[in-house]
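Undergrad: Following this line is protein.txt, made up of compact mmCIF, C-alpha atoms and all ligand atoms:
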# COMPACT_ATOMS: atom_id res chain seq x y z
CA MET O 1 32.96 -27.39 7.15
CA ARG O 2 34.06 -23.81 6.40
CA GLY O 3 33.99 -21.22 9.12
CA LEU O 4 33.74 -17.42 9.03
CA ASP O 5 37.55 -17.17 9.22
CA ASP O 6 37.78 -18.96 5.87
CA LEU O 7 35.77 -16.29 4.04
CA ALA O 8 37.31 -13.51 2.02
CA THR O 9 35.98 -10.11 3.09
CA PRO O 10 33.82 -8.25 2.60
CA ALA O 11 31.23 -11.04 2.59
CA VAL O 12 27.47 -10.82 3.04
CA LEU O 13 26.30 -13.30 5.67
CA VAL O 14 22.78 -14.57 6.12
CA ASP O 15 22.06 -16.17 9.47
CA LEU O 16 19.89 -19.09 8.33
CA ASP O 17 18.29 -19.66 11.74
CA VAL O 18 17.07 -16.06 11.82
CA LEU O 19 16.04 -16.14 8.15
CA GLU O 20 13.95 -19.28 8.71
CA ARG O 21 12.37 -17.77 11.83
CA ASN O 22 11.46 -14.58 9.96
CA ILE O 23 9.97 -16.51 7.03
CA ALA O 24 7.94 -18.75 9.34
CA GLY O 25 6.84 -15.84 11.54
CA MET O 26 5.40 -13.74 8.72
CA ALA O 27 3.78 -16.81 7.15
CA GLU O 28 2.10 -17.58 10.46
CA ARG O 29 0.88 -13.99 10.86
CA ALA O 30 -0.68 -14.08 7.40
CA ARG O 31 -2.29 -17.46 8.08
CA ARG O 32 -3.80 -16.16 11.32
CA ALA O 33 -5.07 -13.02 9.58
CA GLY O 34 -6.56 -15.15 6.79
CA VAL O 35 -4.71 -13.30 4.00
CA GLY O 36 -2.40 -14.52 1.28
CA LEU O 37 1.29 -13.73 1.77
CA ARG O 38 2.95 -12.58 -1.44
CA PRO O 39 6.44 -11.54 -0.30
CA HIS O 40 8.32 -8.88 -2.24
CA VAL O 41 11.47 -10.65 -3.40
CA LYS O 42 13.38 -7.49 -4.28
CA THR O 43 14.88 -7.79 -0.79
CA HIS O 44 16.85 -10.95 -1.51
CA LYS O 45 16.49 -11.53 -5.29
CA SER O 46 17.33 -15.14 -4.51
CA VAL O 47 15.49 -18.10 -5.98
CA GLU O 48 16.57 -20.26 -3.05
CA ILE O 49 15.11 -17.87 -0.46
CA ALA O 50 11.91 -17.49 -2.50
CA ARG O 51 11.58 -21.29 -2.50
CA ARG O 52 11.78 -21.25 1.28
CA GLN O 53 9.04 -18.57 1.37
CA ARG O 54 6.86 -20.65 -0.95
CA ALA O 55 7.44 -23.77 1.15
CA ALA O 56 6.25 -21.78 4.18
CA GLY O 57 2.98 -20.96 2.42
CA ALA O 58 3.51 -17.88 0.21
CA VAL O 59 0.72 -17.75 -2.39
CA GLY O 60 2.98 -16.13 -4.98
CA LEU O 61 5.73 -13.54 -5.35
CA THR O 62 5.87 -9.78 -5.68
CA VAL O 63 8.58 -8.15 -7.79
CA ALA O 64 9.22 -4.59 -8.97
CA LYS O 65 10.65 -5.26 -12.41
CA THR O 66 9.71 -7.22 -15.51
CA SER O 67 13.23 -8.66 -15.60
CA GLU O 68 12.87 -9.88 -12.01
CA ALA O 69 9.62 -11.59 -12.98
CA GLU O 70 11.44 -13.27 -15.88
CA VAL O 71 14.13 -14.67 -13.58
CA PHE O 72 11.66 -16.09 -11.07
CA ALA O 73 9.33 -17.43 -13.79
CA ALA O 74 12.30 -19.23 -15.35
CA SER O 75 12.91 -20.84 -11.96
CA GLY O 76 9.42 -22.30 -11.73
CA PHE O 77 7.46 -19.60 -9.87
CA ASP O 78 4.05 -19.52 -11.48
CA ASP O 79 2.20 -16.68 -9.73
CA ILE O 80 3.86 -13.27 -9.90
CA PHE O 81 2.69 -9.71 -9.28
CA ILE O 82 4.81 -6.86 -10.63
CA ALA O 83 3.87 -4.21 -8.04
CA TYR O 84 5.04 -1.30 -10.13
CA PRO O 85 3.41 0.80 -12.87
CA VAL O 86 4.89 -0.95 -15.90
CA VAL O 87 4.70 1.29 -18.97
CA GLY O 88 5.55 0.80 -22.65
CA ALA O 89 4.92 -1.48 -25.61
CA ASP O 90 8.39 -3.06 -25.29
CA LYS O 91 7.52 -4.17 -21.76
CA ALA O 92 4.07 -5.28 -22.92
CA ARG O 93 5.64 -7.76 -25.35
CA ARG O 94 7.71 -9.28 -22.54
CA LEU O 95 4.68 -9.32 -20.26
CA LEU O 96 2.76 -11.26 -22.91
CA GLU O 97 5.49 -13.92 -22.93
CA LEU O 98 5.33 -14.12 -19.15
CA HIS O 99 1.53 -14.16 -19.14
CA ARG O 100 1.65 -17.29 -21.32
CA ARG O 101 3.73 -19.11 -18.71
CA VAL O 102 2.63 -17.81 -15.31
CA ARG O 103 -0.34 -16.29 -13.53
CA LEU O 104 0.72 -12.66 -13.91
CA ALA O 105 -0.60 -9.37 -12.56
CA VAL O 106 0.90 -5.94 -13.13
CA GLY O 107 0.52 -2.60 -11.32
CA VAL O 108 -0.98 0.41 -13.10
CA ASP O 109 -1.70 3.91 -11.89
CA SER O 110 -2.96 5.71 -15.00
CA ALA O 111 -5.09 5.09 -18.04
CA GLU O 112 -2.17 6.29 -20.19
CA GLY O 113 0.21 3.74 -18.72
CA ALA O 114 -2.37 0.97 -18.93
CA ALA O 115 -3.12 1.94 -22.53
CA SER O 116 0.54 1.37 -23.40
CA LEU O 117 0.14 -2.31 -22.41
CA ALA O 118 -3.37 -3.08 -23.63
CA PRO O 119 -2.95 -3.31 -27.46
CA THR O 120 -0.31 -6.07 -27.29
CA PHE O 121 -2.70 -8.22 -25.27
CA ARG O 122 -5.79 -7.29 -27.25
CA ILE O 123 -4.13 -8.22 -30.55
CA ALA O 124 -2.99 -11.53 -29.05
CA GLY O 125 -6.54 -12.22 -27.85
CA GLN O 126 -5.37 -12.19 -24.24
CA ARG O 127 -6.16 -10.14 -21.14
CA LEU O 128 -3.46 -8.94 -18.79
CA ARG O 129 -4.51 -8.84 -15.15
CA VAL O 130 -3.80 -5.36 -13.71
CA ARG O 131 -4.13 -3.93 -10.22
CA LEU O 132 -4.63 -0.24 -9.56
CA LYS O 133 -2.13 1.36 -7.21
CA VAL O 134 -3.69 3.59 -4.56
CA ASP O 135 -1.59 6.31 -2.91
CA VAL O 136 -2.19 6.30 0.85
CA GLY O 137 0.34 8.98 1.74
CA LEU O 138 3.75 8.05 0.35
CA HIS O 139 3.07 10.35 -2.63
CA ARG O 140 5.30 8.42 -4.96
CA VAL O 141 3.12 6.49 -7.41
CA GLY O 142 -0.56 5.60 -7.23
CA VAL O 143 -3.83 7.48 -7.52
CA ALA O 144 -5.37 9.31 -4.59
CA PRO O 145 -8.32 7.33 -3.11
CA GLU O 146 -10.81 9.97 -4.30
CA ARG O 147 -9.49 9.64 -7.88
CA ALA O 148 -9.44 5.84 -7.85
CA LEU O 149 -12.94 5.19 -9.23
CA ALA O 150 -12.48 7.47 -12.23
CA ALA O 151 -9.07 5.93 -13.00
CA ALA O 152 -10.39 2.39 -12.50
CA ARG O 153 -13.28 2.98 -14.90
CA GLU O 154 -10.94 4.21 -17.62
CA ILE O 155 -8.54 1.31 -17.11
CA ALA O 156 -11.28 -1.33 -16.95
CA ALA O 157 -12.65 -0.06 -20.26
CA LEU O 158 -9.40 -0.88 -22.08
CA ARG O 159 -9.66 -4.05 -24.15
CA GLY O 160 -6.77 -6.40 -23.50
CA LEU O 161 -6.75 -5.72 -19.76
CA GLU O 162 -8.65 -7.11 -16.78
CA LEU O 163 -8.75 -4.92 -13.68
CA SER O 164 -8.43 -7.56 -10.96
CA GLY O 165 -7.48 -5.65 -7.85
CA VAL O 166 -6.13 -2.70 -5.94
CA PHE O 167 -2.94 -2.36 -3.96
CA THR O 168 -0.99 0.07 -1.85
CA HIS O 169 2.34 0.46 -0.08
CA ALA O 170 2.64 2.76 2.94
CA GLY O 171 6.35 3.47 2.47
CA GLN O 172 5.95 6.68 4.49
CA ALA O 173 6.29 4.33 7.50
CA TYR O 174 10.05 4.56 7.00
CA ALA O 175 10.00 8.20 8.08
CA GLU O 176 8.03 7.45 11.26
CA SER O 177 10.05 7.94 14.43
CA ASP O 178 7.30 6.79 16.82
CA PRO O 179 6.95 2.97 16.72
CA GLY O 180 3.43 3.34 18.14
CA ALA O 181 2.39 5.26 15.03
CA LEU O 182 3.06 2.22 12.81
CA VAL O 183 -0.12 0.58 14.08
CA ALA O 184 -2.26 3.54 13.03
CA LEU O 185 -0.42 3.82 9.74
CA GLY O 186 -0.99 0.16 8.90
CA ARG O 187 -4.67 0.46 9.76
CA HIS O 188 -4.96 3.64 7.69
CA GLU O 189 -3.25 2.00 4.70
CA ALA O 190 -5.60 -0.99 4.80
CA ARG O 191 -8.81 0.93 5.47
CA ALA O 192 -8.09 3.34 2.64
CA VAL O 193 -7.59 0.59 0.06
CA VAL O 194 -10.47 -1.53 1.38
CA GLY O 195 -12.66 1.59 1.05
CA VAL O 196 -11.53 2.05 -2.55
CA ALA O 197 -12.28 -1.62 -3.32
CA LYS O 198 -15.79 -1.19 -1.89
CA ARG O 199 -16.50 1.88 -4.03
CA LEU O 200 -15.22 0.15 -7.15
CA ARG O 201 -17.41 -2.90 -6.49
CA GLU O 202 -20.45 -0.71 -5.85
CA ALA O 203 -19.79 0.84 -9.25
CA GLY O 204 -19.90 -2.61 -10.82
CA LEU O 205 -16.17 -3.25 -11.19
CA ALA O 206 -14.90 -6.68 -10.12
CA VAL O 207 -12.11 -6.24 -7.57
CA ASP O 208 -10.81 -9.54 -6.26
CA ASP O 209 -7.43 -8.62 -4.79
CA VAL O 210 -6.97 -6.04 -2.05
CA SER O 211 -3.24 -6.05 -1.41
CA VAL O 212 -1.30 -4.11 1.26
CA GLY O 213 1.97 -4.09 2.96
CA SER O 214 5.44 -3.06 3.87
CA THR O 215 7.50 -4.68 6.60
CA PRO O 216 6.73 -2.00 9.24
CA THR O 217 2.98 -1.87 8.49
CA ALA O 218 2.22 -5.45 7.40
CA PRO O 219 1.26 -6.87 10.82
CA HIS O 220 -1.19 -4.01 11.39
CA ALA O 221 -2.59 -3.74 7.87
CA MET O 222 -3.18 -7.44 7.16
CA VAL O 223 -5.66 -7.85 10.02
CA VAL O 224 -8.10 -5.24 8.68
CA PRO O 225 -11.24 -6.94 7.30
CA GLY O 226 -11.41 -6.77 3.52
CA VAL O 227 -7.67 -7.14 2.95
CA THR O 228 -6.93 -10.29 0.91
CA GLU O 229 -3.16 -10.17 0.54
CA CYS O 230 -0.01 -8.79 2.10
CA ARG O 231 3.35 -8.04 0.43
CA PRO O 232 6.16 -7.36 2.93
CA GLY O 233 9.69 -7.86 1.60
CA ASN O 234 12.36 -6.67 3.99
CA TYR O 235 11.14 -8.92 6.85
CA VAL O 236 13.28 -11.86 5.67
CA PHE O 237 16.49 -10.01 6.58
CA HIS O 238 15.46 -6.85 8.46
CA ASP O 239 18.24 -4.28 9.03
CA ALA O 240 19.35 -1.38 11.23
CA SER O 241 16.51 0.79 9.89
CA GLN O 242 13.86 -1.77 10.93
CA VAL O 243 15.40 -1.92 14.41
CA SER O 244 15.40 1.90 14.60
CA LEU O 245 11.78 2.01 13.45
CA GLY O 246 10.85 -0.47 16.16
CA SER O 247 9.46 -3.01 13.71
CA CYS O 248 11.88 -5.75 14.81
CA ARG O 249 14.54 -6.56 17.40
CA LEU O 250 18.26 -6.73 16.76
CA ALA O 251 17.99 -10.50 17.17
CA ASP O 252 15.62 -10.60 14.18
CA CYS O 253 18.26 -9.28 11.76
CA ALA O 254 19.49 -12.06 9.46
CA LEU O 255 21.84 -10.21 7.12
CA SER O 256 25.19 -8.76 8.11
CA VAL O 257 28.43 -7.88 6.35
CA LEU O 258 31.68 -9.47 7.48
CA ALA O 259 34.48 -6.94 7.01
CA THR O 260 38.14 -6.54 7.91
CA VAL O 261 39.64 -3.52 9.65
CA VAL O 262 42.27 -2.23 7.20
CA SER O 263 43.39 0.98 8.89
CA VAL O 264 43.28 2.55 12.36
CA SER O 265 44.19 6.09 13.32
CA GLY O 266 43.27 7.68 16.66
CA ASP O 267 39.52 7.31 17.13
CA ARG O 268 39.02 6.32 13.50
CA ALA O 269 39.01 2.83 12.01
CA VAL O 270 38.37 1.86 8.42
CA VAL O 271 36.89 -1.41 7.15
CA ASP O 272 37.05 -2.89 3.65
CA ALA O 273 33.29 -2.44 3.13
CA GLY O 274 32.28 0.84 1.51
CA SER O 275 29.29 1.96 -0.53
CA LYS O 276 29.94 -0.77 -3.12
CA THR O 277 29.27 -3.30 -0.38
CA LEU O 278 26.87 -1.61 2.03
CA SER O 279 25.14 0.81 -0.39
CA SER O 280 24.96 4.46 0.60
CA ASP O 281 21.39 4.29 1.84
CA PRO O 282 21.21 6.11 5.19
CA LEU O 283 19.69 4.81 8.38
CA ARG O 284 15.97 5.51 8.64
CA PRO O 285 13.93 7.15 10.08
CA GLY O 286 16.32 10.05 9.83
CA GLY O 287 19.25 8.54 11.72
CA VAL O 288 22.86 9.11 10.81
CA GLY O 289 25.40 6.66 9.49
CA HIS O 290 25.46 3.61 7.25
CA GLY O 291 25.54 0.61 9.53
CA TRP O 292 26.17 -0.63 13.06
CA LEU O 293 28.98 -2.84 14.26
CA LEU O 294 27.40 -5.90 15.85
CA GLY O 295 28.46 -6.52 19.43
CA ARG O 296 30.30 -3.19 19.53
CA SER O 297 29.41 0.43 20.01
CA GLY O 298 30.93 1.62 16.71
CA ARG O 299 28.89 2.97 13.82
CA ILE O 300 29.86 3.42 10.17
CA GLU O 301 30.01 7.19 10.07
CA ARG O 302 30.82 7.75 6.42
CA LEU O 303 31.45 5.77 3.29
CA SER O 304 33.42 6.00 0.13
CA GLU O 305 33.37 3.29 -2.51
CA GLU O 306 35.69 0.82 -0.77
CA HIS O 307 36.03 2.36 2.70
CA GLY O 308 33.69 2.30 5.67
CA VAL O 309 34.87 4.85 8.21
CA ILE O 310 34.07 4.08 11.84
CA ARG O 311 34.26 6.47 14.77
CA VAL O 312 35.55 4.26 17.60
CA GLY O 313 34.30 4.96 21.11
CA ASP O 314 36.69 5.69 24.03
CA ASP O 315 35.82 2.35 25.54
CA GLU O 316 36.96 0.20 22.64
CA ARG O 317 39.82 -0.29 20.24
CA LEU O 318 39.82 -1.92 16.85
CA ARG O 319 42.99 -3.52 15.51
CA VAL O 320 44.15 -3.73 11.90
CA GLY O 321 43.32 -7.22 10.64
CA GLU O 322 40.43 -7.71 13.02
CA ARG O 323 37.10 -8.83 11.55
CA VAL O 324 33.81 -7.17 12.41
CA ARG O 325 30.19 -7.79 11.47
CA ILE O 326 28.16 -4.83 10.23
CA LEU O 327 24.39 -4.53 10.30
CA PRO O 328 23.57 -2.42 7.22
CA SER O 329 21.03 0.40 7.12
CA HIS O 330 19.09 -1.17 4.24
CA SER O 331 19.54 -4.87 3.52
CA CYS O 332 17.62 -4.86 0.19
CA LEU O 333 20.29 -2.77 -1.45
CA VAL O 334 23.12 -4.86 -0.04
CA SER O 335 21.93 -8.09 -1.64
CA ASN O 336 21.56 -6.32 -4.98
CA LEU O 337 25.27 -5.43 -4.84
CA HIS O 338 26.48 -9.02 -4.45
CA GLU O 339 26.40 -12.13 -6.58
CA ARG O 340 26.28 -14.51 -3.64
CA LEU O 341 25.20 -14.40 -0.04
CA VAL O 342 26.79 -16.77 2.45
CA GLY O 343 24.30 -18.78 4.50
CA VAL O 344 25.70 -19.41 7.99
CA ARG O 345 24.60 -21.13 11.20
CA GLY O 346 26.50 -19.69 14.11
CA ASP O 347 30.10 -19.46 12.91
CA GLU O 348 29.76 -22.24 10.34
CA VAL O 349 29.23 -21.68 6.65
CA GLU O 350 26.38 -23.90 5.43
CA THR O 351 25.55 -22.77 1.90
CA ASP O 352 25.94 -20.17 -0.83
CA LEU O 353 22.82 -18.32 -1.94
CA ALA O 354 22.97 -16.99 -5.49
CA VAL O 355 21.40 -13.53 -5.95
CA SER O 356 19.87 -14.63 -9.23
CA ALA O 357 17.88 -11.47 -9.98
CA ARG O 358 20.71 -9.15 -8.99
CA GLY O 359 20.84 -6.00 -11.10
CA CYS O 360 17.50 -6.71 -12.83
CA VAL O 361 16.34 -3.15 -13.40
CA GLN O 362 14.52 -3.30 -16.72
C1 LIG T 1 4.93 -1.74 -3.93
C2 LIG T 1 5.70 -2.35 -2.82
N1 LIG T 1 5.18 -3.38 -2.15
C3 LIG T 1 5.84 -3.97 -1.12
C4 LIG T 1 7.08 -3.53 -0.72
C5 LIG T 1 7.78 -4.20 0.45
O1 LIG T 1 8.00 -3.32 1.50
P1 LIG T 1 9.14 -3.57 2.59
O2 LIG T 1 10.43 -3.52 1.88
O3 LIG T 1 8.94 -2.51 3.59
O4 LIG T 1 8.88 -4.91 3.17
C6 LIG T 1 7.65 -2.43 -1.39
C7 LIG T 1 8.96 -1.90 -1.00
O5 LIG T 1 9.50 -0.98 -1.53
C8 LIG T 1 6.95 -1.82 -2.46
O6 LIG T 1 7.44 -0.77 -3.13
Starting from the file, lay out its structure as structure tokens.
Ligand SMILES: Cc1ncc(COP(=O)(O)O)c(C=O)c1O

TA:
Amino acid sequence: MRGLDDLATPAVLVDLDVLERNIAGMAERARRAGVGLRPHVKTHKSVEIARRQRAAGAVGLTVAKTSEAEVFAASGFDDIFIAYPVVGADKARRLLELHRRVRLAVGVDSAEGAASLAPTFRIAGQRLRVRLKVDVGLHRVGVAPERALAAAREIAALRGLELSGVFTHAGQAYAESDPGALVALGRHEARAVVGVAKRLREAGLAVDDVSVGSTPTAPHAMVVPGVTECRPGNYVFHDASQVSLGSCRLADCALSVLATVVSVSGDRAVVDAGSKTLSSDPLRPGGVGHGWLLGRSGRIERLSEEHGVIRVGDDERLRVGERVRILPSHSCLVSNLHERLVGVRGDEVETDLAVSARGCVQ
């Protein structure tokens, strides 16, 4: 059996006990709320971890990219939602291939975007299931709730498409410094999209799926009556941002980076994990730094590509050659930077987890 000392650094570790607990915990929450759990797999991009989520009861998967959907479809996942406004005839042709093999749904947020997909399906005599994205305050993509009916009517009128649902993502939760506010935000997210679904149904449009969720808001949004599905992603690993937001405890963090101290000078130490390992995503909501040293007081203060620079406290010393474990600010980006994650139990290496959909951006 290999141990942590046998690993070359930097290495991305996944604590399998914590991973399994996180997967089971969210599955149980969704079961109790009576909603389907469709985890966003952009967090891990790993077929093996998605299989564990499916075994725990996930009704299907969420992805952001057509290429991610292709990887998971090729690995036997047969119910996939691309929660992103996919646009363009080139994508439509790939979606048609996917649609022939899996139960597929795709996000849309404009009639123009939807119209770029519809002809390919119409000509093939097929209908692509689409869900309308509703903006509940992130102001990234999605239509404002008051614009949703008009947009839905235009989209539903396009031959080759079937408007099957509505969805939202309250990503503004990541800027929320008061953990108590997450409850209200989750409720707001869900009520807004449930309200849109009601108005669309009253106007004669069939809306089956009412889908919500981010890791910080999922527990609060999924319990609102009318919600049918929840799509958290980050919950499998969590990270320093989730701890800072108050949406999990340190003990709930499954992913860490094992690194070696390569240089020490005064109150500064440098590890062999820089932005190519940890990503340069900052700590949220508005914190400083790029990761925490586990079991120590040090923080990664700044990064360059291959260097993580730590300000060492007066009370501790780091030695060249010493190994440390770093809790990254944003775990989703870390997995995307690595081909394999190392599954560990305690200090023992149990398995390698391939990041099969790594780098799938098209
Ligand atoms: C549309 C959509 N749904 C779900 C998620 C999952 O959210 P989280 O990573 O907070 O779990 C994301 C994350 O970016 C998203 O963009």

Undergrad: Identify, counting only C-alpha atoms and all ligand atoms, the protein, DNA and RNA residues located within 6 Å of ligand LIG 1 (chain T), and give them as number ranges by chain.

TA: O: 40, 83, 169, 213-215, 231-235

Undergrad: Just checking: using all atoms listed in the file, which residue out of O:Asp178, O:Glu202, O:Glu229, O:Glu350 ends up closest to Arg31 in chain O?

TA: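 Residue with the minimum atom-to-atom distance to Arg31 in chain O: O:Glu229.
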
Undergrad: What's the 9 Å shell around Val196 in chain O, counting all atoms listed in the file, without same-chain residues fewer than 5 positions away, as a ChimeraX atom specification?

TA: /O:134,145-146,148-149,166,191,201

Undergrad: List the spatial neighbours of Lys91 in chain O as a count of residues only - criterion: any atom at most 12 Å away, all atoms listed in the file, same-chain residues fewer than 6 positions off excluded.

TA: 20

Undergrad: Could you check which of O:Ala218, O:Leu200, O:Val14, O:Ala156 is closest to Leu37 in chain O, using all atoms listed in the file?

TA: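 Closest candidate: O:Ala218.
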
Undergrad: Quick check, in Å to one decimal: how far apart do CA of Val59 in chain O and CA of Gly204 in chain O lie?

TA: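 Separation of CA of Val59 in chain O and CA of Gly204 in chain O: 26.9 Å.
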
Undergrad: Name the residues within 7 Å of (38.5, 1.1, 0.9), counting only C-alpha atoms in the file's coordinates, and put them as a compact mmCIF listing (two decimals) with C-alpha atoms, in the frame of the given file.

TA:
# COMPACT_ATOMS: atom_id res chain seq x y z
CA VAL O 271 36.89 -1.41 7.15
CA ASP O 272 37.05 -2.89 3.65
CA ALA O 273 33.29 -2.44 3.13
CA GLY O 274 32.28 0.84 1.51
CA GLU O 305 33.37 3.29 -2.51
CA GLU O 306 35.69 0.82 -0.77
CA HIS O 307 36.03 2.36 2.70
CA GLY O 308 33.69 2.30 5.67

Undergrad: Take the point (3.9, -7.6, -6.6) as written in the file and pick out every residue within 10 Å of it, counting all atoms listed in the file; give the list as a PyMOL selection string.

TA: chain O and resi 38-42+60-65+69+79-84+104-107+131+167+211+230-232

Undergrad: Excluding Gly359 in chain O and its own-chain neighbours fewer than 2 positions away, which residues fall within 12 Å of it when counting all atoms listed in the file? Please give them as an MDAnalysis selection string.

TA: chainID O and resid 42 44:46 64:65 67:68 71 332:339 355:357 361:362

Undergrad: One decimal, in Å: what's the spacing between CA of Lys133 in chain O and CA of Val108 in chain O?

TA: 6.1 Å

Undergrad: Could you tell me how far CA of Leu132 in chain O sits from CA of Ala115 in chain O, in Å to one decimal place?

TA: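 Taking CA of Ala115 in chain O as the start and CA of Leu132 in chain O as the end point, the length is 13.2 Å.
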
Undergrad: Would you fill out range 221-228 of chain O with all heavy atoms and return it as a PDB file, in the coordinates of the input?

TA:
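Produced file out19.pdb, reproduced below:
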ATOM      1  N   ALA O 221      -1.705  -3.909   9.022  1.00  0.00           N
ATOM      2  CA  ALA O 221      -2.590  -3.740   7.870  1.00  0.00           C
ATOM      3  C   ALA O 221      -3.300  -5.052   7.520  1.00  0.00           C
ATOM      4  O   ALA O 221      -4.469  -5.044   7.137  1.00  0.00           O
ATOM      5  CB  ALA O 221      -1.783  -3.246   6.666  1.00  0.00           C
ATOM      6  N   MET O 222      -2.612  -6.181   7.667  1.00  0.00           N
ATOM      7  CA  MET O 222      -3.180  -7.440   7.160  1.00  0.00           C
ATOM      8  C   MET O 222      -4.398  -7.904   7.968  1.00  0.00           C
ATOM      9  O   MET O 222      -5.183  -8.709   7.488  1.00  0.00           O
ATOM     10  CB  MET O 222      -2.111  -8.537   7.096  1.00  0.00           C
ATOM     11  CG  MET O 222      -1.623  -9.018   8.433  1.00  0.00           C
ATOM     12  SD  MET O 222      -0.648 -10.538   8.312  1.00  0.00           S
ATOM     13  CE  MET O 222       0.913  -9.998   7.695  1.00  0.00           C
ATOM     14  N   VAL O 223      -4.548  -7.380   9.181  1.00  0.00           N
ATOM     15  CA  VAL O 223      -5.660  -7.850  10.020  1.00  0.00           C
ATOM     16  C   VAL O 223      -6.956  -7.055   9.779  1.00  0.00           C
ATOM     17  O   VAL O 223      -7.996  -7.376  10.359  1.00  0.00           O
ATOM     18  CB  VAL O 223      -5.292  -7.774  11.526  1.00  0.00           C
ATOM     19  CG1 VAL O 223      -4.165  -8.748  11.847  1.00  0.00           C
ATOM     20  CG2 VAL O 223      -4.883  -6.350  11.930  1.00  0.00           C
ATOM     21  N   VAL O 224      -6.896  -6.046   8.936  1.00  0.00           N
ATOM     22  CA  VAL O 224      -8.100  -5.240   8.680  1.00  0.00           C
ATOM     23  C   VAL O 224      -9.042  -6.020   7.746  1.00  0.00           C
ATOM     24  O   VAL O 224      -8.612  -6.478   6.682  1.00  0.00           O
ATOM     25  CB  VAL O 224      -7.710  -3.874   8.057  1.00  0.00           C
ATOM     26  CG1 VAL O 224      -8.946  -3.117   7.585  1.00  0.00           C
ATOM     27  CG2 VAL O 224      -6.907  -3.038   9.058  1.00  0.00           C
ATOM     28  N   PRO O 225     -10.315  -6.186   8.132  1.00  0.00           N
ATOM     29  CA  PRO O 225     -11.240  -6.940   7.300  1.00  0.00           C
ATOM     30  C   PRO O 225     -11.322  -6.346   5.892  1.00  0.00           C
ATOM     31  O   PRO O 225     -11.360  -5.130   5.725  1.00  0.00           O
ATOM     32  CB  PRO O 225     -12.590  -6.800   8.031  1.00  0.00           C
ATOM     33  CG  PRO O 225     -12.210  -6.513   9.447  1.00  0.00           C
ATOM     34  CD  PRO O 225     -10.930  -5.722   9.395  1.00  0.00           C
ATOM     35  N   GLY O 226     -11.331  -7.231   4.906  1.00  0.00           N
ATOM     36  CA  GLY O 226     -11.410  -6.770   3.520  1.00  0.00           C
ATOM     37  C   GLY O 226     -10.077  -6.905   2.794  1.00  0.00           C
ATOM     38  O   GLY O 226     -10.032  -6.978   1.568  1.00  0.00           O
ATOM     39  N   VAL O 227      -8.988  -6.927   3.560  1.00  0.00           N
ATOM     40  CA  VAL O 227      -7.670  -7.140   2.950  1.00  0.00           C
ATOM     41  C   VAL O 227      -7.570  -8.616   2.547  1.00  0.00           C
ATOM     42  O   VAL O 227      -7.953  -9.498   3.310  1.00  0.00           O
ATOM     43  CB  VAL O 227      -6.538  -6.775   3.938  1.00  0.00           C
ATOM     44  CG1 VAL O 227      -5.186  -7.248   3.439  1.00  0.00           C
ATOM     45  CG2 VAL O 227      -6.524  -5.274   4.190  1.00  0.00           C
ATOM     46  N   THR O 228      -7.057  -8.882   1.345  1.00  0.00           N
ATOM     47  CA  THR O 228      -6.930 -10.290   0.910  1.00  0.00           C
ATOM     48  C   THR O 228      -5.489 -10.755   0.834  1.00  0.00           C
ATOM     49  O   THR O 228      -5.221 -11.947   0.793  1.00  0.00           O
ATOM     50  CB  THR O 228      -7.560 -10.487  -0.495  1.00  0.00           C
ATOM     51  OG1 THR O 228      -6.797  -9.743  -1.454  1.00  0.00           O
ATOM     52  CG2 THR O 228      -9.015 -10.039  -0.524  1.00  0.00           C
TER      53      THR O 228
END
